[in-house]
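Colleague: Structure file run.txt (compact mmCIF, C-alpha atoms) is given on the next line.
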```txt
# COMPACT_ATOMS: atom_id res chain seq x y z
CA MET A 1 198.24 -52.80 -99.66
CA LYS A 2 194.66 -53.97 -99.22
CA ASP A 3 193.85 -56.89 -96.95
CA ILE A 4 194.15 -59.71 -99.49
CA PHE A 5 192.74 -62.26 -97.03
CA LYS A 6 189.55 -60.24 -96.47
CA LEU A 7 186.34 -62.15 -97.20
CA ASP A 8 183.76 -59.77 -95.74
CA GLY A 9 180.50 -59.74 -97.66
CA LYS A 10 181.17 -62.94 -99.61
CA ILE A 11 178.45 -65.57 -100.00
CA ALA A 12 179.57 -69.19 -99.55
CA VAL A 13 177.83 -72.52 -99.99
CA VAL A 14 179.36 -75.36 -97.97
CA THR A 15 178.10 -78.81 -98.96
CA GLY A 16 178.65 -81.50 -96.36
CA GLY A 17 178.55 -78.77 -93.75
CA ALA A 18 176.63 -80.68 -91.09
CA GLY A 19 179.63 -81.87 -89.10
CA GLY A 20 183.31 -82.71 -88.94
CA ILE A 21 185.54 -80.92 -91.44
CA GLY A 22 182.58 -79.30 -93.21
CA GLU A 23 181.28 -77.72 -90.01
CA ALA A 24 184.75 -76.41 -89.13
CA LEU A 25 185.17 -74.87 -92.58
CA ALA A 26 181.72 -73.27 -92.49
CA LEU A 27 182.44 -71.83 -89.04
CA GLY A 28 185.87 -70.63 -90.12
CA LEU A 29 184.45 -68.80 -93.12
CA GLY A 30 181.86 -67.22 -90.84
CA TYR A 31 184.62 -65.93 -88.57
CA HIS A 32 186.19 -64.29 -91.64
CA GLY A 33 183.10 -62.28 -92.53
CA VAL A 34 181.42 -64.69 -94.94
CA THR A 35 177.67 -65.25 -95.11
CA VAL A 36 177.48 -69.05 -95.04
CA VAL A 37 174.88 -71.36 -96.54
CA VAL A 38 175.34 -74.71 -94.82
CA SER A 39 174.00 -77.67 -96.77
CA SER A 40 173.57 -81.42 -96.39
CA ARG A 41 170.64 -83.82 -96.43
CA ASN A 42 169.97 -83.42 -92.70
CA GLN A 43 168.00 -80.21 -92.11
CA GLN A 44 168.16 -80.44 -88.32
CA ALA A 45 171.94 -80.82 -88.38
CA ILE A 46 172.60 -77.93 -90.76
CA ASP A 47 170.22 -75.68 -88.85
CA ALA A 48 172.27 -76.37 -85.72
CA VAL A 49 175.52 -75.51 -87.51
CA ALA A 50 174.03 -72.33 -89.00
CA GLU A 51 172.81 -71.26 -85.56
CA LYS A 52 176.27 -71.92 -84.10
CA ILE A 53 177.94 -69.82 -86.81
CA THR A 54 175.61 -66.89 -86.24
CA LYS A 55 175.94 -67.10 -82.47
CA GLU A 56 179.73 -67.39 -82.40
CA THR A 57 180.68 -65.09 -85.28
CA GLY A 58 177.84 -62.59 -85.54
CA ASN A 59 177.66 -63.26 -89.28
CA GLU A 60 174.59 -64.54 -91.06
CA ALA A 61 174.29 -68.26 -91.74
CA VAL A 62 171.42 -70.38 -92.97
CA GLY A 63 170.84 -74.11 -93.46
CA ILE A 64 169.39 -75.24 -96.80
CA ALA A 65 169.06 -78.98 -97.33
CA SER A 66 170.28 -80.63 -100.53
CA ASP A 67 171.54 -83.93 -101.89
CA VAL A 68 174.71 -83.61 -103.99
CA THR A 69 173.88 -86.80 -105.87
CA ASP A 70 170.60 -85.29 -107.13
CA GLU A 71 170.88 -82.52 -109.75
CA ALA A 72 167.32 -81.30 -109.13
CA SER A 73 168.09 -80.95 -105.43
CA LEU A 74 171.27 -79.00 -106.18
CA LYS A 75 169.43 -76.72 -108.61
CA SER A 76 166.83 -76.02 -105.92
CA LEU A 77 169.63 -75.15 -103.49
CA VAL A 78 171.25 -72.76 -105.95
CA ASP A 79 167.93 -71.16 -106.90
CA THR A 80 167.12 -70.58 -103.22
CA VAL A 81 170.54 -69.03 -102.54
CA MET A 82 170.28 -66.79 -105.60
CA ASP A 83 166.79 -65.64 -104.67
CA LYS A 84 168.02 -64.75 -101.18
CA TYR A 85 171.49 -63.32 -101.87
CA GLY A 86 171.80 -62.77 -105.63
CA ARG A 87 175.23 -64.34 -105.97
CA ILE A 88 177.52 -67.18 -104.87
CA ASP A 89 181.17 -66.28 -104.42
CA ILE A 90 182.50 -69.46 -102.79
CA LEU A 91 181.68 -73.16 -103.02
CA VAL A 92 183.28 -75.57 -100.58
CA ASN A 93 182.52 -79.23 -101.28
CA ALA A 94 183.21 -80.82 -97.91
CA MET A 95 181.03 -83.89 -98.23
CA GLY A 96 182.59 -87.32 -98.36
CA MET A 97 182.31 -90.89 -97.17
CA ASN A 98 184.32 -94.08 -96.92
CA ILE A 99 183.27 -97.71 -97.15
CA LYS A 100 186.19 -99.96 -96.27
CA ARG A 101 186.26 -103.32 -98.01
CA GLU A 102 189.11 -105.64 -98.97
CA ALA A 103 189.74 -105.39 -102.69
CA PHE A 104 189.28 -109.10 -103.45
CA ASP A 105 185.74 -108.96 -102.11
CA TYR A 106 184.78 -105.34 -102.76
CA PRO A 107 181.00 -105.24 -103.45
CA LEU A 108 180.45 -103.10 -106.52
CA GLU A 109 177.32 -101.61 -105.00
CA ASP A 110 179.52 -100.14 -102.25
CA TRP A 111 181.99 -98.93 -104.88
CA ASP A 112 179.10 -97.17 -106.64
CA LYS A 113 177.93 -95.55 -103.37
CA LEU A 114 181.40 -94.13 -102.79
CA PHE A 115 181.65 -92.74 -106.30
CA ASP A 116 178.11 -91.34 -106.17
CA VAL A 117 178.90 -89.14 -103.18
CA ASN A 118 182.62 -88.42 -103.45
CA VAL A 119 182.99 -88.08 -107.23
CA LYS A 120 179.60 -87.54 -108.85
CA GLY A 121 178.52 -85.33 -105.95
CA THR A 122 181.62 -83.16 -106.28
CA MET A 123 181.20 -82.77 -110.03
CA ALA A 124 177.46 -82.11 -109.80
CA ALA A 125 177.91 -79.39 -107.16
CA CYS A 126 180.76 -77.79 -109.13
CA LYS A 127 178.71 -77.81 -112.33
CA THR A 128 175.54 -76.41 -110.78
CA VAL A 129 177.20 -73.63 -108.79
CA GLY A 130 179.81 -73.12 -111.50
CA LYS A 131 177.14 -71.86 -113.92
CA VAL A 132 176.34 -69.05 -111.50
CA MET A 133 180.03 -68.20 -111.14
CA ARG A 134 180.45 -68.26 -114.93
CA ASP A 135 177.73 -65.64 -115.28
CA GLN A 136 179.38 -63.56 -112.52
CA LYS A 137 182.81 -64.02 -114.14
CA ASP A 138 184.12 -64.74 -110.68
CA GLY A 139 184.17 -67.51 -108.07
CA ALA A 140 186.31 -69.78 -105.92
CA ILE A 141 185.69 -73.51 -105.49
CA VAL A 142 187.45 -75.77 -102.98
CA ASN A 143 186.91 -79.52 -103.18
CA LEU A 144 187.69 -81.94 -100.36
CA SER A 145 190.37 -84.41 -101.41
CA SER A 146 192.75 -86.31 -99.14
CA VAL A 147 196.34 -87.45 -98.91
CA ARG A 148 194.79 -90.67 -100.21
CA GLY A 149 194.24 -88.90 -103.52
CA ILE A 150 197.96 -89.29 -104.24
CA ARG A 151 199.05 -92.05 -101.85
CA GLY A 152 197.53 -95.51 -101.60
CA TYR A 153 196.70 -97.09 -98.28
CA THR A 154 195.86 -100.50 -96.89
CA GLY A 155 192.93 -101.51 -94.70
CA GLY A 156 190.25 -101.70 -97.36
CA ASN A 157 190.72 -98.16 -98.67
CA THR A 158 191.01 -98.89 -102.40
CA GLY A 159 187.62 -97.35 -103.17
CA TYR A 160 188.26 -94.27 -101.06
CA CYS A 161 191.68 -93.71 -102.64
CA ALA A 162 190.17 -94.05 -106.10
CA THR A 163 187.48 -91.46 -105.40
CA LYS A 164 189.93 -88.94 -103.98
CA GLY A 165 192.26 -89.40 -106.95
CA ALA A 166 189.26 -88.63 -109.15
CA VAL A 167 188.45 -85.50 -107.13
CA GLU A 168 192.00 -84.25 -107.64
CA LEU A 169 191.78 -84.62 -111.42
CA ILE A 170 188.29 -83.13 -111.56
CA THR A 171 189.79 -80.15 -109.72
CA LYS A 172 192.65 -79.81 -112.20
CA ALA A 173 190.46 -80.28 -115.28
CA LEU A 174 187.85 -77.75 -114.13
CA ALA A 175 190.58 -75.26 -113.24
CA LEU A 176 191.77 -75.42 -116.83
CA GLU A 177 188.32 -75.39 -118.44
CA TRP A 178 186.92 -72.59 -116.29
CA ALA A 179 189.94 -70.29 -115.97
CA ALA A 180 188.67 -68.01 -118.75
CA SER A 181 185.37 -67.68 -116.87
CA GLY A 182 187.09 -66.26 -113.79
CA ILE A 183 186.53 -69.39 -111.70
CA ARG A 184 189.35 -70.79 -109.59
CA VAL A 185 189.12 -74.46 -108.58
CA ASN A 186 191.40 -75.93 -105.93
CA ALA A 187 191.34 -78.76 -103.40
CA LEU A 188 192.14 -79.43 -99.77
CA GLY A 189 194.01 -82.65 -98.96
CA PRO A 190 193.88 -83.56 -95.27
CA ALA A 191 195.62 -86.46 -93.62
CA LEU A 192 193.66 -88.24 -90.89
CA VAL A 193 191.42 -85.74 -89.10
CA ILE A 194 189.46 -86.45 -85.94
CA THR A 195 185.76 -86.17 -86.78
CA PRO A 196 182.72 -88.04 -85.46
CA GLY A 197 183.61 -90.87 -87.86
CA THR A 198 187.18 -91.19 -86.56
CA ARG A 199 186.61 -90.30 -82.91
CA HIS A 200 187.29 -93.92 -81.95
CA ILE A 201 190.93 -93.41 -82.93
CA ALA A 202 191.39 -90.44 -80.62
CA ASP A 203 189.64 -92.35 -77.83
CA ASP A 204 192.10 -95.26 -78.07
CA PRO A 205 195.52 -94.12 -76.80
CA LYS A 206 197.45 -96.93 -78.52
CA LEU A 207 195.67 -96.41 -81.84
CA ALA A 208 196.06 -92.64 -81.63
CA ALA A 209 199.78 -93.00 -80.90
CA LYS A 210 200.17 -95.30 -83.92
CA TYR A 211 198.58 -92.81 -86.31
CA ALA A 212 200.38 -89.83 -84.79
CA ALA A 213 203.73 -91.59 -85.16
CA ALA A 214 203.22 -91.75 -88.94
CA VAL A 215 202.94 -87.95 -89.16
CA PRO A 216 206.23 -85.99 -89.14
CA MET A 217 204.70 -83.33 -86.88
CA GLY A 218 203.75 -86.07 -84.42
CA ARG A 219 200.04 -85.50 -84.06
CA ILE A 220 196.70 -86.19 -85.71
CA GLY A 221 194.86 -83.39 -87.48
CA MET A 222 191.79 -81.61 -86.14
CA PRO A 223 189.01 -80.03 -88.23
CA GLU A 224 190.08 -76.51 -87.31
CA ASP A 225 193.53 -77.20 -88.80
CA MET A 226 191.86 -77.13 -92.22
CA VAL A 227 190.41 -73.63 -91.97
CA GLY A 228 193.45 -71.53 -92.82
CA ALA A 229 194.09 -73.24 -96.14
CA VAL A 230 190.48 -72.82 -97.23
CA VAL A 231 190.35 -69.15 -96.20
CA TYR A 232 193.51 -68.62 -98.25
CA LEU A 233 192.15 -70.45 -101.31
CA CYS A 234 188.90 -68.48 -101.22
CA SER A 235 190.58 -65.07 -100.81
CA ASP A 236 192.33 -62.63 -103.14
CA ALA A 237 195.59 -63.88 -101.65
CA ALA A 238 195.12 -66.89 -103.95
CA SER A 239 193.89 -64.93 -106.97
CA PHE A 240 196.55 -66.57 -109.19
CA VAL A 241 196.20 -70.06 -107.72
CA SER A 242 194.05 -72.67 -109.45
CA GLY A 243 194.18 -76.40 -110.08
CA GLN A 244 196.18 -77.03 -106.90
CA THR A 245 195.74 -79.26 -103.86
CA ILE A 246 197.00 -78.02 -100.52
CA TYR A 247 197.88 -80.97 -98.30
CA VAL A 248 197.20 -80.10 -94.68
CA ASP A 249 198.88 -83.20 -93.34
CA GLY A 250 201.60 -82.39 -90.81
CA GLY A 251 204.24 -83.12 -93.44
CA LEU A 252 202.99 -86.62 -94.30
CA THR A 253 203.18 -86.26 -98.09
CA ALA A 254 206.61 -84.64 -97.96
CA ALA A 255 208.19 -88.08 -97.61
```
Starting from the file, give its structure as structure tokens.
Modeller:
Amino acid sequence: MKDIFKLDGKIAVVTGGAGGIGEALALGLGYHGVTVVVSSRNQQAIDAVAEKITKETGNEAVGIASDVTDEASLKSLVDTVMDKYGRIDILVNAMGMNIKREAFDYPLEDWDKLFDVNVKGTMAACKTVGKVMRDQKDGAIVNLSSVRGIRGYTGGNTGYCATKGAVELITKALALEWAASGIRVNALGPALVITPGTRHIADDPKLAAKYAAAVPMGRIGMPEDMVGAVVYLCSDAASFVSGQTIYVDGGLTAA
């Protein structure tokens, strides 16, 4: 049997690849033989990630800036990738943000910011790269969801939960609409993961213990915990898998 997890020679675009989960996924794909295009709005940050991938994995990586909320910017990204490589096999949408506000007083401008990045950005990136995959009759897309896409949470997270629920249904709807075009669309659903934005939790022993206690496996997730699921979803091992969310959550959503 061939190596169904083999990704050598594939071309991947990772949006939101400048740090945290996105950086870990970009690096993980690089370790599995993928040529990685790292993208976000911060050119300096994505250049640093691309350099790290090349240095650590020996595989080619490049940073190309883009803004997922701007269709013209996304088109420029895709045009640049196509001019350089001639195809896009994998899209990982790892960008995301949270603005925590109590629901009674939630400013709608903050609500709009969340939906612009988490929902509109996901759809815009899928649509723009999806056209290339349609023409190729092949492609794998992985969107970043969350356990909050299916489970509510307190602490001002109504907006975040709403956006991740939307990402899950975008994933399912696109999987159905694009199946005949050879495009698979799935999602990754982490629980809490320690990134630069959540480092304060890991640095506070009492707070870290509180969050870890809520996870059946007894610990908080790390960015590298997410890599295996994405490698699987992008490989031939998942050739008959589409419209699904894999929850990498230490068993949290099993309850």
Colleague: Compare A:Gly155, A:Gly30, A:Gly149, A:Gly86 by their minimum atom-to-atom distance to A:Asp8, counting all atoms listed in the file, and give me the closest one.
Modeller: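 The closest residue to A:Asp8 is A:Gly30.
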Colleague: With distances taken over all atoms listed in the file, which residue among A:Thr195, A:Asn42, A:Thr163, A:Thr253 lies nearest A:Arg151?
Modeller: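 The closest residue to A:Arg151 is A:Thr253.
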Colleague: Tell me which protein, DNA and RNA residues are within 6 Å of A:Ala140, counting all atoms listed in the file, leaving out same-chain ones fewer than 5 positions away, and put them as a list in words.
Modeller: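 Residues meeting the cut-off are Ile90, Ile183, Arg184 and Cys234 of chain A.
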Colleague: Kindly save the residues from that selection, with C-alpha atoms included, as a CSV table (one decimal), keeping the file's coordinate frame.
Modeller:
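Result written to again_13.csv:
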```
chain,number,residue,atom,x,y,z
A,90,ILE,CA,182.5,-69.5,-102.8
A,183,ILE,CA,186.5,-69.4,-111.7
A,184,ARG,CA,189.4,-70.8,-109.6
A,234,CYS,CA,188.9,-68.5,-101.2
```
Colleague: Report as a PyMOL selection string all protein, DNA and RNA residues lying within 12 Å of stretch 77-84 of chain A, evaluated on only C-alpha atoms, omitting residues in the same chain fewer than 2 positions from it.
Modeller: chain A and resi 11-15+35-41+61-68+70-75+86-91+124-133+136
Colleague: Between A:Ala202, A:Ala50, A:Ile141, A:Leu7, which one has atoms that come closest to A:Leu27, using all atoms listed in the file?
Modeller: A:Ala50
Colleague: Which residues are close to A:Ala24, i.e. within 6 Å by all atoms listed in the file, leaving aside same-chain residues fewer than 3 positions away? Reply as a count of residues only.
Modeller: 5
Colleague: Just checking: using all atoms listed in the file, which residue out of A:Ser145, A:Thr198, A:Asn157, A:Thr122 ends up closest to A:Gln244?
Modeller: A:Ser145
Colleague: With 5 Å added on each side, what axis-aligned box encloses every listed atom of stretch 80-92 of chain A? Give the centre and edge lengths in Å to one decimal, as lines of an AutoDock Vina configuration file.
Modeller:
```
center_x = 175.0
center_y = -69.2
center_z = -103.3
size_x = 26.5
size_y = 22.8
size_z = 15.4
```
Colleague: Neighbourhood query: residues within 12 Å of (192.8, -89.7, -85.7), file coordinates, counting all atoms listed in the file; return as number ranges by chain.
Modeller: A: 190-215, 218-223, 249
Colleague: Pick out the closest residue to A:Tyr106 from this set: A:Gly19, A:Gly156, A:Gly243, A:Gly189. Count all atoms listed in the file.
Modeller: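 Selected residue with least distance to A:Tyr106: A:Gly156.
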Colleague: Mind checking which residues fall within 9 Å of A:Phe115, counting only C-alpha atoms, ignoring those fewer than 5 positions away in the same chain, and posting them as a PyMOL selection string?
Modeller: chain A and resi 110+120-121+159-160+162-163
Colleague: Quick one: of A:Asp116, A:Asp138, A:Asp236, A:Glu168, who's nearest to A:Thr69, counting all atoms listed in the file?
Modeller: A:Asp116
Colleague: Please, what distance in Å, to one decimal, runs between atom CA of A:Ala229 and atom CA of A:Glu23?
Modeller: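 Between these atoms lies a distance of 14.9 Å.
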Colleague: Got a sec: who's within 12 Å of A:Tyr232, counting only C-alpha atoms, leaving out chain neighbours fewer than 2 positions off, as a VMD selection string?
Modeller: chain A and resid 3 to 7 25 28 to 29 32 90 140 to 142 186 to 188 226 to 230 234 to 242 246
Colleague: Could you please determine the separation between atom CA of A:Asn59 and atom CA of A:Gln43 in Å, to one decimal place?
Modeller: 19.7 Å
Colleague: For the atom pair atom CA of A:Val92 and atom CA of A:Asn143, what is the interatomic distance in Å to one decimal place?
Modeller: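 Result for atom CA of A:Val92 versus atom CA of A:Asn143: 6.0 Å, one decimal.
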Colleague: Please return, as a ChimeraX atom specification, all polymer residues that have at least one atom within 6 Å of the point (181.4, -89.5, -99.4); use all atoms listed in the file and the file's own coordinate frame.
Modeller: /A:95-98,114,117-118
